[in-house]
2 protein chains.
Amino acid sequence: MQNNALMKNKILAVGSVALDTIKTPFGKVKEALGGSATYFSAGARFFSPVSVVAVVGTDFPKKHLALMKRLGVDTSNISIEEGKTFRWTGEYDFDLNSAKTLKTELNVFANFKPIINPENRFCRVVFLANIDPEIQHAVLSQVKRPSLSACDTMNYWIQNKKKSLVGLLKKVDIFLCNEGEARELSGEYNLIQAARWLLSKGPRIAVIKKGEHGVLCFSRESVFSAPAFLLESVFDPTGAGDTFAGGFIGYLAGAPSRINESVIRKAIIYGTVLASYNVESFSLKRIAGLGRLDIEKRYKAFQVLTQF
Amino acid sequence: MQNNALMKNKILAVGSVALDTIKTPFGKVKEALGGSATYFSAGARFFSPVSVVAVVGTDFPKKHLALMKRLGVDTSNISIEEGKTFRWTGEYDFDLNSAKTLKTELNVFANFKPIINPENRFCRVVFLANIDPEIQHAVLSQVKRPSLSACDTMNYWIQNKKKSLVGLLKKVDIFLCNEGEARELSGEYNLIQAARWLLSKGPRIAVIKKGEHGVLCFSRESVFSAPAFLLESVFDPTGAGDTFAGGFIGYLAGAPSRINESVIRKAIIYGTVLASYNVESFSLKRIAGLGRLDIEKRYKAFQVLTQF
């Protein structure tokens, strides 16, 4: 345990740990383990150690923390505060493309002011999952010169804290968002133009997630386009973007060589693979049971699906 | 001219030659050269000789036929009938994803009963572009044992001539349609399941076009997924699917070796390349000016965009 933050590839991930109530055409689940940091860590842990910075209420089931620990996730930065855990209630139509939020109950999350413990301030990689950009700034400023930093966001912050979010873009290496968010933030409909705008604000890499239509990865020198993995049954898309980010950032953090275009593209595919497993069940049910061999198997299947 | 139908790779393509009036957020055009067979031939001609079977009215501008001839397309099977040419009027919203048809005037197309001239009955490759499935049957039955046959369709025929269309699936090697049509025809929402249904009706290959989201190609043994080429400005998507089919079938018809999985995948990419050029302008404006080197250049750019 000592000095594990000094491990070159340890990721500090801040975001939500939540209880999700979800209805899809294929089933429903009540107060299941969810949240952006949860899904991120469940994907990243295959490649790199990850410590989650989050807050839950005293009602948070112990079994969920136990599951995260069993997956190898460092939960020592998840604080348990008096009150109720953040809850999200949503449902999906038959096309599963976009969630309809029925209820958001911030609860203890409303006053989340993360203090990174001294050990984790030396993490070399920081992932700022979708959360108030001011909290993202606060976390990033507590970490001593990370070698890789990345953030995600959502439309709510674009609409309500755009200045803070754009300020964050100056400070991170990688920015991830979905296509609607890229358009809204940049004011550009065309995704090449939207990405150019994003890159002009600071990050070296802009990743635009398109859900079932795959992902685009832009740098100043190159563009990479990957379709999604083709699945016969998609059960619940919740957390797909965060699991993608987990596979992507996790692989980059643990990459055997210097991060170059080839490594970035592999990381995108690992993210795609993790997201494809995630949507095959509710919550972490599918990805919690996976081994590294399952990841490699689907990576190869993705090559067969796409290479020519 | 003699015996050119005996050329191993000559394609007989039946479909519409039309006058399109189109409005997009980027401009408008009145009575421009369009039609499924027109776009198909403009794509296919880079790889294989192609003869178009269609009908136009006496009002059809001579310059359009001259352009097709100049592109190397055999127009000797385009009959000119007393009356007006088929006209389509449509417009696109900002997302360019789906056309809104404002007017369809069949005119001389309403009584189109193509008679294939004796020479072209020996074409080895037949493409049946989107048209009444009964006409597709009638054309196919006039060709002497083609080595490769393919057809496209649209929602109108699925709704109004489903039995005839399903009967056609038994007779063709390749079936192409867009994702909405695949779902509507098969009754399956998931595209893997939809493709399985299509293949169970006869064709060896089912190609599901997803517009800006790329294309899926299914055979009994394999699935290939390719994203679309990423463009900074898409001007008019009219004819993209037919130009795609032109590049795809054209390459297959002229393929240097036996048609195997590797050749099929290359053909899909050539189709993608042709479609990407097509949407950069109205009508044939962009693709009429291309040379084979432009095609190869974008094929290589597509590799750079997608390979990992």
# chains A, B, ... in the order shown; residues from 1 in each chain; ligands from 1

$ closest_atom_pairs --of "chain B" --to "chain A" --cutoff "12 Å" --atoms "only C-alpha atoms" --output "tab-separated table"
residue	atom	partner	partner_atom	distance
B:Phe94	CA	A:Tyr189	CA	8.6
B:Asp95	CA	A:Tyr189	CA	8.2
B:Leu96	CA	A:Tyr189	CA	11.1
B:Gly180	CA	A:Asp95	CA	11.9
B:Arg183	CA	A:Asp95	CA	11.8
B:Glu188	CA	A:Glu232	CA	10.9
B:Tyr189	CA	A:Asp95	CA	8.2
B:Asn190	CA	A:Glu232	CA	6.5
B:Leu191	CA	A:Glu232	CA	7.6
B:Ile192	CA	A:Glu232	CA	5.8
B:Gln193	CA	A:Glu232	CA	6.9
B:Ala194	CA	A:Glu232	CA	10.0
B:Ala195	CA	A:Glu232	CA	10.8
B:Arg196	CA	A:Glu232	CA	10.7
B:Lys210	CA	A:His213	CA	9.4
B:Gly211	CA	A:His213	CA	11.0
B:Glu212	CA	A:His213	CA	9.4
B:His213	CA	A:His213	CA	6.0
B:Gly214	CA	A:Pro227	CA	8.2
B:Val215	CA	A:Pro227	CA	9.6
B:Leu216	CA	A:Leu230	CA	9.4
B:Cys217	CA	A:Leu305	CA	9.7
B:Phe218	CA	A:Leu305	CA	10.3
B:Glu221	CA	A:Leu305	CA	11.5
B:Ser222	CA	A:Leu305	CA	7.9
B:Val223	CA	A:Leu305	CA	5.9
B:Phe224	CA	A:Leu305	CA	4.8
B:Ser225	CA	A:Thr306	CA	5.3
B:Ala226	CA	A:Thr306	CA	6.2
B:Pro227	CA	A:Pro227	CA	5.7
B:Ala228	CA	A:Ser225	CA	8.7
B:Phe229	CA	A:Ser225	CA	8.6
B:Leu230	CA	A:Ile192	CA	7.8
B:Leu231	CA	A:Ile192	CA	7.4
B:Glu232	CA	A:Ile192	CA	5.8
B:Ser233	CA	A:Asn190	CA	7.2
B:Val234	CA	A:Asn190	CA	8.7
B:Phe235	CA	A:Asn190	CA	11.5
B:Asn260	CA	A:Phe308	CA	11.9
B:Glu261	CA	A:Phe308	CA	9.0
B:Ser262	CA	A:Phe308	CA	6.5
B:Val263	CA	A:Phe308	CA	8.9
B:Ile264	CA	A:Phe308	CA	9.2
B:Arg265	CA	A:Phe308	CA	5.8
B:Lys266	CA	A:Phe308	CA	6.5
B:Ala267	CA	A:Phe308	CA	9.9
B:Ile268	CA	A:Phe308	CA	9.5
B:Ile269	CA	A:Phe308	CA	8.6
B:Tyr270	CA	A:Phe308	CA	11.5
B:Tyr299	CA	A:Phe308	CA	11.4
B:Lys300	CA	A:Phe308	CA	11.8
B:Ala301	CA	A:Val223	CA	10.2
B:Phe302	CA	A:Ser225	CA	9.3
B:Gln303	CA	A:Phe308	CA	8.6
B:Val304	CA	A:Phe224	CA	7.6
B:Leu305	CA	A:Phe224	CA	4.9
B:Thr306	CA	A:Ser225	CA	5.3
B:Gln307	CA	A:Gln307	CA	6.8
B:Phe308	CA	A:Arg265	CA	5.7

$ select_by_dssp --residues "segment 10-40 of chain B" --states "helix (DSSP H, G or I)" --output "MDAnalysis selection string"
chainID B and resid 36:40

$ residues_around --residues "Thr38 of chain A" --least-positions-apart "6" --cutoff "9 Å" --atoms "only C-alpha atoms" --output "ChimeraX atom specification"
/A:15-18,52,68,239,242-243,284

$ write_last_selection --atoms "C-alpha atoms" --output "mmCIF file, in the first residue's frame"
data_model
loop_
_atom_site.group_PDB
_atom_site.id
_atom_site.type_symbol
_atom_site.label_atom_id
_atom_site.label_comp_id
_atom_site.auth_asym_id
_atom_site.auth_seq_id
_atom_site.Cartn_x
_atom_site.Cartn_y
_atom_site.Cartn_z
ATOM 1 C CA GLY A 15 -16.167 11.783 -10.283
ATOM 2 C CA SER A 16 -19.423 10.386 -9.021
ATOM 3 C CA VAL A 17 -20.169 7.147 -7.239
ATOM 4 C CA ALA A 18 -23.925 6.810 -7.422
ATOM 5 C CA VAL A 52 -11.326 6.888 -6.899
ATOM 6 C CA MET A 68 -14.885 -2.011 -6.057
ATOM 7 C CA GLY A 239 -21.765 4.216 -18.147
ATOM 8 C CA ASP A 242 -17.063 6.376 -18.666
ATOM 9 C CA THR A 243 -16.056 2.746 -19.185
ATOM 10 C CA LEU A 284 -20.961 -3.440 -13.423
#

$ atom_distance --atom1 "atom CA of Val14 of chain A" --atom2 "atom CA of Glu31 of chain A"
20.9 Å

$ closest_residue --among "B:Thr24, B:Asn160, B:Asn107, B:Ser36" --to "Ala245 of chain B" --atoms "only C-alpha atoms"
B:Ser36

$ atom_distance --atom1 "atom CA of Arg145 of chain B" --atom2 "atom CA of Lys163 of chain B"
23.0 Å

$ residues_around --residues "Ile287 of chain B" --least-positions-apart "3" --cutoff "8 Å" --atoms "only C-alpha atoms" --output "list in words"
Ala42, Gly43, Leu274, Tyr277, Asn278, Leu284 and Leu290 of chain B

$ closest_residue --among "A:Val29, A:Val166, A:Val53, A:Met154" --to "Val139 of chain A" --atoms "only C-alpha atoms"
A:Val53

$ select_by_dssp --residues "segment 12-259 of chain B" --states "strand (DSSP E or B)" --output "ChimeraX atom specification"
/B:12-14,18-24,27-34,50-57,74,78-81,87-92,99-105,125-128,148-151,174-178,205-209,215-219,223-226

$ residues_around --residues "Lys28 of chain A" --least-positions-apart "2" --cutoff "12 Å" --atoms "only C-alpha atoms" --output "PyMOL selection string"
chain A and resi 20-26+30-32+89-92+235-236+281-283

$ residues_around --residues "segment 128-136 of chain A" --least-positions-apart "3" --cutoff "8 Å" --atoms "only C-alpha atoms" --output "ChimeraX atom specification"
/A:13-16,36-37,40,112-114,139-140,149-154,157,161,164-165,168,242

$ closest_residue --among "A:Pro61, A:Lys297, A:Pro237, A:Gly34" --to "Trp88 of chain A" --atoms "only C-alpha atoms"
A:Gly34

$ atom_distance --atom1 "atom CA of Phe175 of chain A" --atom2 "atom CA of Thr238 of chain A"
20.0 Å

$ closest_residue --among "B:Glu179, B:Thr104, B:Lys69, B:Phe122" --to "Asn155 of chain B" --atoms "only C-alpha atoms"
B:Glu179

$ residues_around --residues "Asn111 of chain B" --least-positions-apart "4" --cutoff "10 Å" --atoms "only C-alpha atoms" --output "JSON, numbers by chain"
{"B": [55, 81, 106, 107]}
